[in-house]
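Trainee: Quick one: the structure is below, questions incoming.
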Amino acid sequence: MSQLIESLQSQLGEKGVLTGDLLAEKFIPHGCPAALLRPQTTEEVSQALKLCHEASQSVIPYGGLTGLVEATASDQSEIAISLERMNQIEEIDIESRTMTVQAGVPLQVVQEAADKADMLFPLDIGARGSATIGGNVSTNAGGNRVIRYGMMRDQILGMEVVLADGRVITSMNKIIKNNTGYDLKQLFVGAEGTLGIVTRIVLRLRPKPKSQQMAFVGVNTFSEVTRVLNLLDGALGGSLSAFEVLWKDYYQLVTTAPAEGKPPLAHDYGYYILVEALGGDEQSDEERFLNVLAEAMEEGTIADAVVAQSQGERNAMWAIRDDVGQVAQNWPIFAFDISVPLNQMESYVAELTAELDERWQDNTCMVFGHLGDGNLHIIVGMGEKSAEAKKAVEQVVYSGLPERGGSVSAEHGIGVQKKAYLSWSRSTDEIALMQMMKTALDPKGILNPGKIFSS
Ligand SMILES: Cc1cc2nc3c(=O)[nH]c(=O)nc-3n(C[C@H](O)[C@H](O)[C@H](O)COP(=O)(O)OP(=O)(O)OC[C@H]3O[C@@H](n4cnc5c(N)ncnc54)[C@H](O)[C@@H]3O)c2cc1C
């Protein structure tokens with residue numbers, strides 16, 4: 001290892017390889033590698049991987065380290081490679097509606113640069129300040145506006161990747177339609193750094209919306225939730241950009257002191273829906289939004305609704321939805337990110353809460369999520385945080401998913417944390433094909449070994 005680190009130092013320079021005290025100063029969750037490589041160019045990534053490949057040395061790619069499934073876990077037998085010094089926006093091409101970036105650029109920097117150019121980069125997640133575009137690609141990040149714009153894979157037109165042996169694959173395509181054989185870039189989306197290191201990306205930009213409508217809606221039954229979704233999605237002509245649902249207990253928690261959120265609606269309803277539409281014309285968009293809400297109220301689907309009147313009120317509504325921290329205030333919790341088809345969601349949650357009540361009488365279970373995408377976040381507290389307790393809760397949360405065609409990971413990935421449950425959502429043949437792809441691209445298994453599945 002020390003000989004390899006010396007060779008890496010001579011390739012990347014002193015600042016390009018951190019070890020010892022300099023490495024100890026860095027915040028690195030989930031274990032510490034023997035060295036941290038900080039290349040500045042694709043060429044340096046390639047040289048570093050060539051050396052590591054020759055030495056059969058494991059390499060763990062780092063983005064902003066905000067991932068939630070321990071996909072950057074490492075130990076002293078491993079070397080990490082961070083894209084933090086590859087953080088430049090190379091080009092904004094207004095005519096082609098693209099932005100070309102290096103993989104280490106934080107998401108928020110991309111969003112702000114797009115905004116300044118009067119365009120929109122629509123991916124948005126809570127960790128926007130630290131999470132990098134390379135990390136977003138490698139986890140296929142989702143977030144709040146997937147219902148309108150899709151996940152990270154839908155925001156990518158081109159990509160440059162360095163393979164495990166140092167070969168550079170450059171597909172910096174700017175066009176939407178390009179059916180010239182396999183869509184290679186998509187292989188690396190959601191691959192969690194196991195197939196290659198993403199170095200540069202061509203992002204797709206969208207027109208900047210000129211209007212934003214938002215409302216909190218209260219309904220009594222789950223079938224009314226799905227009815228409101230269909231009504232709004234149909235009537236808003238493609239402008240529905242968020243459909244977030246808060247189950248009653250979660251809404252009450254995040255709108256009752258000590259939470260700062262003031263309840264926009266009374267605490268009487270079964271489900272609370274945060275609805276957002278992004279459009280191109282303030283006046284007609286507002287009219288259409290209000291009309292469809294009024295229609296839903298008239299037919300009795302919506303019990304009550306409040307429409308945000310200012311940016312401050314819109315921000316306050318999002319803050320209520322996002323105040324997940326309240327759940328962890330008083331008790332240890334386990335957090336889950338799952339998907340389940342909408343027609344199975346009500347029975348899944350009912351079965352889950354019944355099972356939790358049977359096993360742990362004093363449990364707390366909060367449910368909310370990007371319901372328009374079939375994605376729920378479930379937070380369970382049952383009084384302890386031991387490994388045994390975690391496993392027991394996981395089994396209860398995941399056990400209702402396979403029979404319903406659900407997923408043990410909607411948007412956070414598998415990493416190490418969900419490895420044991422991959423086969424609950426993917427077939428043996430699917431996993432075998434993933435392993436074949438891994439072997440084809442990384443025959444020595446040096447890239448992020450032990451993540452997603454065991455080598
Ligand atoms: C407060 C908070 C809110 C969040 N909200 C959401 C949300 O709404 N939706 C969502 O999907 N996620 C969410 N996340 C999870 C996380 O932010 C995302 O997974 C994000 O995409 C990770 O980016 P990162 O740069 O931090 O990657 P890291 O955590 O550093 O890495 C994640 C994975 O990508 C790999 N990787 C990183 N960079 C590269 C690269 N250049 N090439 C190859 N592999 C690479 C790593 O090896 C690892 O496997 C949230 C996290 C936090 C802390």
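Each chain of the structure tokens is named A, B, ... in the order shown, its residues numbered from 1; ligands are numbered from 1 in display order.
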Identify, counting only C-alpha atoms and all ligand atoms, the protein, DNA and RNA residues located within 7 Å of ligand 1, and give them as JSON, numbers by chain.
Mentor: {"A": [60, 61, 62, 63, 64, 65, 66, 67, 68, 71, 72, 83, 103, 104, 125, 126, 127, 130, 131, 132, 133, 134, 135, 136, 137, 138, 139, 140, 141, 142, 143, 144, 192, 193, 196, 197, 198, 199, 411, 412, 415, 448]}
Trainee: Residues near range 171-188 of chain A, anyone? I mean within 7 Å using only C-alpha atoms, not counting same-chain ones fewer than 5 positions away, as a tab-separated table (two decimals) with N, CA and C atoms, in the first residue's frame.
Mentor:
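This went into result13.tsv:
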```
chain	number	residue	atom	x	y	z
A	98	THR	N	-28.38	23.11	-22.35
A	98	THR	CA	-27.54	22.16	-21.62
A	98	THR	C	-26.56	22.90	-20.72
A	138	SER	N	-24.79	8.97	-9.53
A	138	SER	CA	-24.45	7.62	-9.08
A	138	SER	C	-25.50	7.01	-8.16
A	153	ARG	N	-31.70	10.45	-13.78
A	153	ARG	CA	-31.37	9.87	-15.09
A	153	ARG	C	-32.05	10.62	-16.24
A	157	LEU	N	-27.83	14.17	-20.48
A	157	LEU	CA	-27.73	13.93	-21.92
A	157	LEU	C	-26.40	13.27	-22.28
A	158	GLY	N	-25.35	13.63	-21.57
A	158	GLY	CA	-24.04	13.06	-21.89
A	158	GLY	C	-23.22	12.83	-20.63
A	159	MET	N	-22.18	12.02	-20.79
A	159	MET	CA	-21.38	11.70	-19.59
A	159	MET	C	-19.98	11.28	-19.99
A	160	GLU	N	-19.05	11.55	-19.11
A	160	GLU	CA	-17.70	11.02	-19.26
A	160	GLU	C	-17.41	10.18	-18.02
A	195	LEU	N	-19.29	0.75	-11.09
A	195	LEU	CA	-18.97	0.43	-12.49
A	195	LEU	C	-17.97	1.39	-13.12
A	196	GLY	N	-17.81	2.57	-12.56
A	196	GLY	CA	-16.90	3.55	-13.15
A	196	GLY	C	-16.97	4.82	-12.33
A	201	ILE	N	-20.40	15.66	-16.92
A	201	ILE	CA	-21.79	15.35	-17.29
A	201	ILE	C	-22.36	16.51	-18.11
A	202	VAL	N	-23.14	16.16	-19.14
A	202	VAL	CA	-23.94	17.17	-19.84
A	202	VAL	C	-25.35	17.07	-19.28
```
Trainee: Using DSSP on the backbone coordinates, identify the residues of range 14-228 of chain A assigned to alpha helix (DSSP H); present them as a VMD selection string.
Mentor: chain A and resid 20 to 24 42 to 54 107 to 116 133 to 139 146 to 149 184 to 188 222 to 228
Trainee: Range 267-319 of chain A near range 248-262 of chain A within 9 Å: what's each residue's closest atom pair and its distance in Å to one decimal, counting only C-alpha atoms, ordered by chain then ascending residue number, as a tab-separated table?
Mentor:
```
residue	atom	partner	partner_atom	distance
A:His267	CA	A:Gln252	CA	6.3
A:Asp268	CA	A:Lys248	CA	8.2
A:Tyr269	CA	A:Lys248	CA	6.7
A:Gly270	CA	A:Lys248	CA	5.2
A:Tyr271	CA	A:Lys248	CA	5.4
A:Tyr272	CA	A:Lys248	CA	6.9
A:Ala316	CA	A:Gly261	CA	7.2
A:Met317	CA	A:Gly261	CA	8.3
A:Ala319	CA	A:Gly261	CA	7.3
```
Trainee: Restrict the selected residues to C-alpha atoms and save them as a PDB file, in the first residue's frame.
Mentor:
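Saved as selection.pdb:
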```pdb
ATOM      1  CA  HIS A 267     -55.929  18.696  12.487  1.00  0.00           C
ATOM      2  CA  ASP A 268     -59.145  16.877  11.508  1.00  0.00           C
ATOM      3  CA  TYR A 269     -58.320  15.120   8.264  1.00  0.00           C
ATOM      4  CA  GLY A 270     -56.844  11.726   7.461  1.00  0.00           C
ATOM      5  CA  TYR A 271     -54.349  12.941   4.830  1.00  0.00           C
ATOM      6  CA  TYR A 272     -52.753  16.272   3.939  1.00  0.00           C
ATOM      7  CA  ALA A 316     -43.617  27.770   4.963  1.00  0.00           C
ATOM      8  CA  MET A 317     -45.606  24.956   3.310  1.00  0.00           C
ATOM      9  CA  ALA A 319     -40.876  23.706   5.537  1.00  0.00           C
TER      10      ALA A 319
END
```
Trainee: Taking 2 positions as the minimum chain separation for residues in the same chain, which residues sit within 9 Å of Gly238 in chain A when counting only C-alpha atoms? Answer as a list in words.
Mentor: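 Contacts, with the query itself left out: Arg148, Asp233, Gly234, Ala235, Leu236, Leu240, Ser241, Ala277 and Gly279 of chain A.
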Trainee: Point out the residue among A:Ser58, A:Ser2, A:Ser347, A:Thr41 with the least atom-to-atom distance to Lys444 in chain A, counting only C-alpha atoms.
Mentor: A:Ser58
Trainee: Within 9 Å of Gly166 in chain A, counting only C-alpha atoms, which residues show up once you throw out same-chain ones fewer than 3 positions away? Write them as an NGL selection string, please.
Mentor: :A and (43 or 45-53 or 162-163)
Trainee: For the selection just defined, write its residues with N, CA and C atoms to a file, as a tab-separated table (two decimals), in the first residue's frame.
Mentor:
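Saved to out-v4.tsv:
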```
chain	number	residue	atom	x	y	z
A	43	GLU	N	-7.85	13.19	-16.65
A	43	GLU	CA	-6.58	12.51	-16.89
A	43	GLU	C	-5.99	11.99	-15.56
A	45	VAL	N	-7.71	11.29	-12.84
A	45	VAL	CA	-8.55	10.17	-12.36
A	45	VAL	C	-8.10	8.90	-13.08
A	46	SER	N	-7.88	9.03	-14.37
A	46	SER	CA	-7.48	7.88	-15.19
A	46	SER	C	-6.12	7.32	-14.72
A	47	GLN	N	-5.15	8.21	-14.52
A	47	GLN	CA	-3.82	7.74	-14.06
A	47	GLN	C	-3.92	7.04	-12.71
A	48	ALA	N	-4.73	7.62	-11.82
A	48	ALA	CA	-4.88	7.04	-10.47
A	48	ALA	C	-5.50	5.66	-10.56
A	49	LEU	N	-6.55	5.54	-11.39
A	49	LEU	CA	-7.21	4.23	-11.48
A	49	LEU	C	-6.30	3.19	-12.13
A	50	LYS	N	-5.52	3.62	-13.11
A	50	LYS	CA	-4.57	2.68	-13.75
A	50	LYS	C	-3.64	2.09	-12.69
A	51	LEU	N	-3.10	2.95	-11.84
A	51	LEU	CA	-2.17	2.48	-10.80
A	51	LEU	C	-2.88	1.55	-9.82
A	52	CYS	N	-4.08	1.95	-9.41
A	52	CYS	CA	-4.83	1.12	-8.44
A	52	CYS	C	-5.22	-0.22	-9.08
A	53	HIS	N	-5.57	-0.17	-10.37
A	53	HIS	CA	-5.95	-1.39	-11.07
A	53	HIS	C	-4.77	-2.36	-11.14
A	162	VAL	N	-14.61	7.24	-16.13
A	162	VAL	CA	-13.34	6.52	-16.15
A	162	VAL	C	-13.60	5.11	-15.63
A	163	LEU	N	-13.23	4.13	-16.43
A	163	LEU	CA	-13.45	2.73	-16.04
A	163	LEU	C	-12.39	2.29	-15.02
```
Trainee: Which of these, A:Glu91, A:Glu403, A:Glu276, A:Asp442, has the shortest distance to Trp318 in chain A once you count only C-alpha atoms?
Mentor: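 Going through A:Glu91, A:Glu403, A:Glu276, A:Asp442 one by one, the smallest distance to Trp318 in chain A is for A:Glu276.
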